[in-house]
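Below is upload-v2.cif, which holds mmCIF, C-alpha atoms and all ligand atoms.
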```cif
data_work
loop_
_atom_site.label_atom_id
_atom_site.label_comp_id
_atom_site.auth_asym_id
_atom_site.auth_seq_id
_atom_site.Cartn_x
_atom_site.Cartn_y
_atom_site.Cartn_z
CA MET A 1 -30.40 -30.22 -46.73
CA THR A 2 -32.43 -32.92 -48.40
CA GLU A 3 -36.04 -31.97 -47.84
CA LEU A 4 -37.69 -28.72 -46.81
CA ARG A 5 -41.32 -28.13 -46.01
CA LEU A 6 -43.42 -25.22 -44.91
CA VAL A 7 -45.80 -25.26 -41.95
CA GLU A 8 -47.94 -22.67 -40.23
CA LEU A 9 -46.63 -21.02 -37.10
CA SER A 10 -48.02 -22.94 -34.11
CA ALA A 11 -47.55 -23.57 -30.41
CA GLU A 12 -45.24 -26.43 -31.46
CA THR A 13 -42.90 -24.31 -33.54
CA ILE A 14 -43.01 -20.86 -31.99
CA VAL A 15 -40.28 -21.45 -29.40
CA ALA A 16 -37.88 -22.79 -32.05
CA VAL A 17 -38.71 -19.83 -34.31
CA ASN A 18 -37.96 -17.39 -31.50
CA ASN A 19 -34.66 -19.18 -30.93
CA LEU A 20 -33.46 -19.03 -34.55
CA SER A 21 -29.90 -17.77 -34.37
CA LEU A 22 -28.13 -15.08 -36.38
CA LYS A 23 -24.57 -14.71 -37.51
CA PRO A 24 -22.60 -11.93 -35.81
CA GLY A 25 -23.56 -8.55 -37.28
CA GLN A 26 -26.85 -9.69 -38.80
CA GLU A 27 -29.12 -8.44 -36.01
CA GLN A 28 -28.88 -4.81 -37.15
CA PHE A 29 -30.56 -5.73 -40.46
CA LEU A 30 -33.56 -7.50 -38.97
CA ALA A 31 -35.92 -4.59 -38.53
CA PRO A 32 -35.62 -1.59 -40.83
CA VAL A 33 -37.12 1.58 -39.29
CA SER A 34 -39.96 1.59 -41.84
CA TYR A 35 -41.13 -1.81 -40.66
CA GLY A 36 -41.23 -0.72 -37.05
CA ILE A 37 -43.46 2.18 -38.03
CA ALA A 38 -45.60 0.14 -40.42
CA ALA A 39 -46.16 -2.51 -37.75
CA THR A 40 -48.12 0.03 -35.76
CA VAL A 41 -50.57 0.70 -38.60
CA LEU A 42 -50.92 -2.64 -40.37
CA ASP A 43 -53.82 -4.90 -39.60
CA PRO A 44 -52.52 -8.18 -38.08
CA SER A 45 -55.07 -10.14 -40.16
CA SER A 46 -53.12 -9.19 -43.30
CA THR A 47 -50.09 -11.15 -42.07
CA TRP A 48 -48.93 -14.43 -43.63
CA GLN A 49 -46.27 -16.35 -41.75
CA ARG A 50 -44.68 -19.73 -42.30
CA VAL A 51 -42.03 -21.85 -40.64
CA VAL A 52 -39.49 -23.81 -42.70
CA ILE A 53 -38.79 -27.32 -41.43
CA GLY A 54 -35.66 -29.23 -42.43
CA ASP A 55 -34.36 -32.66 -41.58
CA GLU A 56 -33.87 -31.85 -37.92
CA GLY A 57 -36.62 -29.35 -37.23
CA VAL A 58 -37.13 -25.62 -37.60
CA VAL A 59 -34.54 -23.96 -39.85
CA GLY A 60 -36.25 -20.74 -40.91
CA PHE A 61 -39.15 -18.33 -40.73
CA ILE A 62 -40.78 -16.00 -43.22
CA SER A 63 -43.56 -13.49 -42.83
CA ALA A 64 -45.30 -11.15 -45.21
CA SER A 65 -48.25 -8.80 -45.33
CA PHE A 66 -50.88 -8.73 -48.06
CA GLY A 67 -53.41 -6.01 -48.63
CA GLY A 68 -53.17 -4.45 -45.19
CA GLU A 69 -54.95 -1.14 -44.72
CA THR A 70 -52.16 1.35 -45.26
CA THR A 71 -51.46 4.56 -47.08
CA ILE A 72 -47.89 3.44 -47.82
CA ASP A 73 -48.25 1.80 -51.23
CA TYR A 74 -45.19 -0.48 -51.12
CA LEU A 75 -46.66 -2.22 -48.07
CA ASP A 76 -49.53 -3.73 -50.09
CA SER A 77 -47.67 -6.99 -50.79
CA VAL A 78 -44.47 -7.08 -48.79
CA LEU A 79 -41.96 -9.54 -47.42
CA TRP A 80 -41.86 -8.60 -43.78
CA ARG A 81 -39.21 -10.77 -42.23
CA ILE A 82 -37.07 -13.71 -43.26
CA ASN A 83 -34.66 -15.48 -40.98
CA VAL A 84 -32.68 -18.67 -41.54
CA ASP A 85 -30.81 -20.21 -38.63
CA ALA A 86 -27.12 -19.29 -38.68
CA ASP A 87 -26.09 -22.95 -39.05
CA ASP A 88 -28.40 -23.50 -42.02
CA GLN A 89 -27.69 -20.36 -44.05
CA ARG A 90 -26.40 -20.62 -47.65
CA ARG A 91 -28.10 -23.99 -48.17
CA GLY A 92 -31.18 -22.89 -50.09
CA VAL A 93 -33.59 -22.39 -47.17
CA GLY A 94 -34.09 -18.67 -47.84
CA ARG A 95 -34.71 -19.23 -51.55
CA PHE A 96 -37.22 -21.98 -50.71
CA ALA A 97 -39.11 -19.63 -48.38
CA VAL A 98 -39.16 -16.77 -50.90
CA THR A 99 -40.42 -19.12 -53.63
CA ALA A 100 -43.30 -20.11 -51.36
CA LEU A 101 -44.05 -16.46 -50.67
CA LEU A 102 -44.19 -15.67 -54.39
CA GLU A 103 -46.65 -18.53 -54.90
CA GLU A 104 -48.79 -17.20 -52.07
CA ALA A 105 -48.79 -13.66 -53.52
CA ARG A 106 -49.72 -15.01 -56.95
CA SER A 107 -52.58 -17.05 -55.50
CA ARG A 108 -53.90 -13.90 -53.83
CA GLY A 109 -53.90 -12.07 -57.17
CA PHE A 110 -50.89 -9.79 -56.63
CA ASP A 111 -48.54 -9.10 -59.54
CA HIS A 112 -45.57 -8.17 -57.36
CA VAL A 113 -43.91 -8.62 -53.97
CA ASN A 114 -41.86 -5.86 -52.34
CA VAL A 115 -39.18 -5.95 -49.69
CA ILE A 116 -37.53 -3.19 -47.69
CA TYR A 117 -33.99 -3.63 -46.50
CA GLU A 118 -30.98 -1.70 -45.33
CA ALA A 119 -28.02 -1.92 -47.67
CA GLY A 120 -24.67 -2.71 -46.12
CA GLU A 121 -21.97 -5.23 -45.39
CA GLY A 122 -23.31 -8.34 -43.64
CA GLY A 123 -26.91 -7.57 -44.61
CA PRO A 124 -29.41 -9.41 -46.82
CA GLU A 125 -28.95 -7.29 -49.97
CA ALA A 126 -26.98 -9.89 -51.96
CA PHE A 127 -29.51 -12.57 -51.05
CA PHE A 128 -32.47 -10.44 -52.15
CA HIS A 129 -30.75 -9.72 -55.46
CA ARG A 130 -29.92 -13.39 -56.04
CA VAL A 131 -33.52 -14.47 -55.52
CA GLY A 132 -34.80 -11.84 -57.95
CA PHE A 133 -35.60 -8.58 -56.15
CA THR A 134 -34.69 -5.43 -58.07
CA PRO A 135 -34.41 -2.03 -56.36
CA VAL A 136 -37.30 0.27 -57.33
CA GLY A 137 -37.02 3.08 -54.81
CA GLU A 138 -36.11 4.26 -51.36
CA THR A 139 -38.04 4.92 -48.17
CA GLU A 140 -37.91 8.24 -46.37
CA TYR A 141 -35.41 6.62 -43.98
CA GLY A 142 -32.99 5.72 -46.77
CA GLU A 143 -33.82 2.02 -46.93
CA VAL A 144 -34.03 0.26 -50.27
CA VAL A 145 -37.44 -0.76 -51.64
CA ALA A 146 -36.99 -3.70 -54.02
CA GLN A 147 -39.52 -5.70 -55.98
CA ILE A 148 -40.15 -8.96 -57.79
CA ARG A 149 -42.74 -8.79 -60.59
CA LEU A 150 -44.82 -11.95 -60.84
C1 LIG A 201 -30.87 -13.41 -45.71
C2 LIG A 201 -31.09 -14.89 -45.36
C3 LIG A 201 -32.57 -15.11 -45.04
C4 LIG A 201 -30.69 -15.76 -46.58
O1 LIG A 201 -31.07 -17.12 -46.34
P1 LIG A 201 -30.20 -18.37 -46.89
O2 LIG A 201 -30.94 -19.59 -46.59
O3 LIG A 201 -28.82 -18.25 -46.35
O4 LIG A 201 -30.16 -18.08 -48.46
P2 LIG A 201 -30.04 -19.19 -49.63
O5 LIG A 201 -29.07 -20.24 -49.21
O6 LIG A 201 -31.41 -19.65 -50.02
O7 LIG A 201 -29.40 -18.32 -50.80
C5 LIG A 201 -30.08 -17.97 -52.01
C6 LIG A 201 -29.07 -17.29 -52.92
O8 LIG A 201 -28.60 -16.09 -52.27
C7 LIG A 201 -27.17 -16.15 -52.13
N1 LIG A 201 -26.82 -15.56 -50.84
C8 LIG A 201 -27.39 -15.82 -49.64
N2 LIG A 201 -26.79 -15.09 -48.67
C9 LIG A 201 -25.81 -14.39 -49.29
C10 LIG A 201 -24.83 -13.49 -48.84
N3 LIG A 201 -24.74 -13.14 -47.54
N4 LIG A 201 -23.96 -12.96 -49.75
C11 LIG A 201 -24.03 -13.29 -51.05
N5 LIG A 201 -24.97 -14.14 -51.57
C12 LIG A 201 -25.83 -14.69 -50.68
C13 LIG A 201 -26.82 -17.61 -52.15
O9 LIG A 201 -25.50 -17.83 -52.57
C14 LIG A 201 -27.84 -18.16 -53.14
O10 LIG A 201 -27.42 -17.91 -54.46
P3 LIG A 201 -27.64 -19.02 -55.63
O11 LIG A 201 -28.93 -19.75 -55.30
O12 LIG A 201 -27.72 -18.23 -56.85
O13 LIG A 201 -26.45 -19.89 -55.52
C15 LIG A 201 -30.21 -15.33 -44.15
O14 LIG A 201 -28.87 -14.97 -44.41
C16 LIG A 201 -30.63 -14.71 -42.83
O15 LIG A 201 -31.48 -15.25 -42.11
N6 LIG A 201 -30.02 -13.55 -42.47
C17 LIG A 201 -30.28 -12.91 -41.19
C18 LIG A 201 -31.64 -12.26 -41.12
C19 LIG A 201 -31.85 -11.17 -42.14
O16 LIG A 201 -31.02 -10.30 -42.39
N7 LIG A 201 -33.04 -11.20 -42.78
C20 LIG A 201 -33.41 -10.22 -43.78
C21 LIG A 201 -34.08 -9.03 -43.21
S1 LIG A 201 -35.60 -9.41 -42.41
#
```

Let me see whether you can do it: turn the structure in this file into structure tokens.
Ligand SMILES: CC(C)(COP(=O)(O)OP(=O)(O)OC[C@H]1O[C@@H](n2cnc3c(N)ncnc32)[C@H](O)[C@@H]1OP(=O)(O)O)[C@@H](O)C(=O)NCCC(=O)NCCS
Amino acid sequence: MTELRLVELSAETIVAVNNLSLKPGQEQFLAPVSYGIAATVLDPSSTWQRVVIGDEGVVGFISASFGGETTIDYLDSVLWRINVDADDQRRGVGRFAVTALLEEARSRGFDHVNVIYEAGEGGPEAFFHRVGFTPVGETEYGEVVAQIRL
């Protein structure tokens, strides 16, 4: 992949984002229980979302939440969802998206970004470790809470 760029989610890109494919077995890692619950309490205006464009169009999507009104402290600055099309995985798209997220968090004055994921074969754990997240705790549902300090 020669060049990657980040654009806002729009009417032009939303269909391609919804059609991003997964490798077999990855779907079970997409939405940890905690996120489903948090989604019902977080203010949508706290959401940041970007689409990653490669040579031939949409290759990935990332969303995060910053400073949403919540009593759950690890949701203050949190990577919400990241998805790279099955055909474009392991080519640096995910790292590119996370790097952009870290820049965004920094520019908003946060000194960390959290992520919540389910550990397990076929899941995103190895990726999150490689890009710098370190486990710092566990949710009440047994998911890992990991963090990058900025
Ligand atoms: C997790 C995901 C976003 C990673 O995106 P990606 O574009 O394939 O990742 P990158 O190519 O940028 O990889 C970055 C680093 O992580 C490593 N990595 C990525 N996936 C890995 C895996 N499954 N196992 C081991 N290492 C992995 C890469 O080797 C690379 O390491 P390096 O830069 O030190 O060489 C992608 O696999 C995906 O969309 N998965 C399905 C959705 C999902 O589970 N999302 C997370 C929960 S919302």

Once 8 Å is added on each side, what are the centre and the three edge lengths, in Å to one decimal, of the axis-aligned box enclosing the listed atoms of ligand LIG 201 (chain A)? Present them as AutoDock Vina command-line options.
```
--center_x -29.8 --center_y -14.6 --center_z -49.0 --size_x 27.6 --size_y 27.2 --size_z 31.7
```

**OP:** Report as a PyMOL selection string which protein, DNA and RNA residues come within 8 Å of ligand LIG 201 (chain A), using only C-alpha atoms and all ligand atoms.
**Re:** chain A and resi 22-23+26-32+60+80-86+88-97+117+122-131

What's around A:Val51 at 10 Å? Count all atoms listed in the file, leave out sequence neighbours fewer than 2 positions away in its own chain, and write the answer as a JSON list (two decimals) with C-alpha atoms, in the frame of the given file.
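Printed below is result_38.json as written:
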```json
[["chain", "number", "residue", "atom", "x", "y", "z"],
["A", 5, "ARG", "CA", -41.32, -28.13, -46.01],
["A", 6, "LEU", "CA", -43.42, -25.22, -44.91],
["A", 7, "VAL", "CA", -45.80, -25.26, -41.95],
["A", 8, "GLU", "CA", -47.94, -22.67, -40.23],
["A", 9, "LEU", "CA", -46.63, -21.02, -37.10],
["A", 10, "SER", "CA", -48.02, -22.94, -34.11],
["A", 13, "THR", "CA", -42.90, -24.31, -33.54],
["A", 14, "ILE", "CA", -43.01, -20.86, -31.99],
["A", 16, "ALA", "CA", -37.88, -22.79, -32.05],
["A", 17, "VAL", "CA", -38.71, -19.83, -34.31],
["A", 49, "GLN", "CA", -46.27, -16.35, -41.75],
["A", 53, "ILE", "CA", -38.79, -27.32, -41.43],
["A", 54, "GLY", "CA", -35.66, -29.23, -42.43],
["A", 57, "GLY", "CA", -36.62, -29.35, -37.23],
["A", 58, "VAL", "CA", -37.13, -25.62, -37.60],
["A", 59, "VAL", "CA", -34.54, -23.96, -39.85],
["A", 60, "GLY", "CA", -36.25, -20.74, -40.91],
["A", 61, "PHE", "CA", -39.15, -18.33, -40.73],
["A", 62, "ILE", "CA", -40.78, -16.00, -43.22],
["A", 63, "SER", "CA", -43.56, -13.49, -42.83],
["A", 82, "ILE", "CA", -37.07, -13.71, -43.26],
["A", 83, "ASN", "CA", -34.66, -15.48, -40.98],
["A", 84, "VAL", "CA", -32.68, -18.67, -41.54],
["A", 97, "ALA", "CA", -39.11, -19.63, -48.38]]
```

Who sits within 6 Å of A:Ala64, only C-alpha atoms, same chain under 2 positions skipped, as a JSON list (two decimals) with C-alpha atoms, keeping the file's coordinate frame:
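Saved to selection07.json:
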```json
[["chain", "number", "residue", "atom", "x", "y", "z"],
["A", 47, "THR", "CA", -50.09, -11.15, -42.07],
["A", 48, "TRP", "CA", -48.93, -14.43, -43.63],
["A", 78, "VAL", "CA", -44.47, -7.08, -48.79],
["A", 79, "LEU", "CA", -41.96, -9.54, -47.42],
["A", 80, "TRP", "CA", -41.86, -8.60, -43.78]]
```

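For the atom pair formed by atom CA of A:Pro24 and atom CA of A:Gly120, the distance is 14.0 Å, given to one decimal.
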
Subject >> Polymer residues at most 10 Å from A:Asp111, only C-alpha atoms, same-chain spacing of 6 or more positions, as a list in words >> reply: Ser77, Leu102, Ala105, Ile148, Arg149 and Leu150 of chain A

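Pairwise distance (atom CA of A:Val115, atom CA of A:Gln147) equals 6.3 Å.
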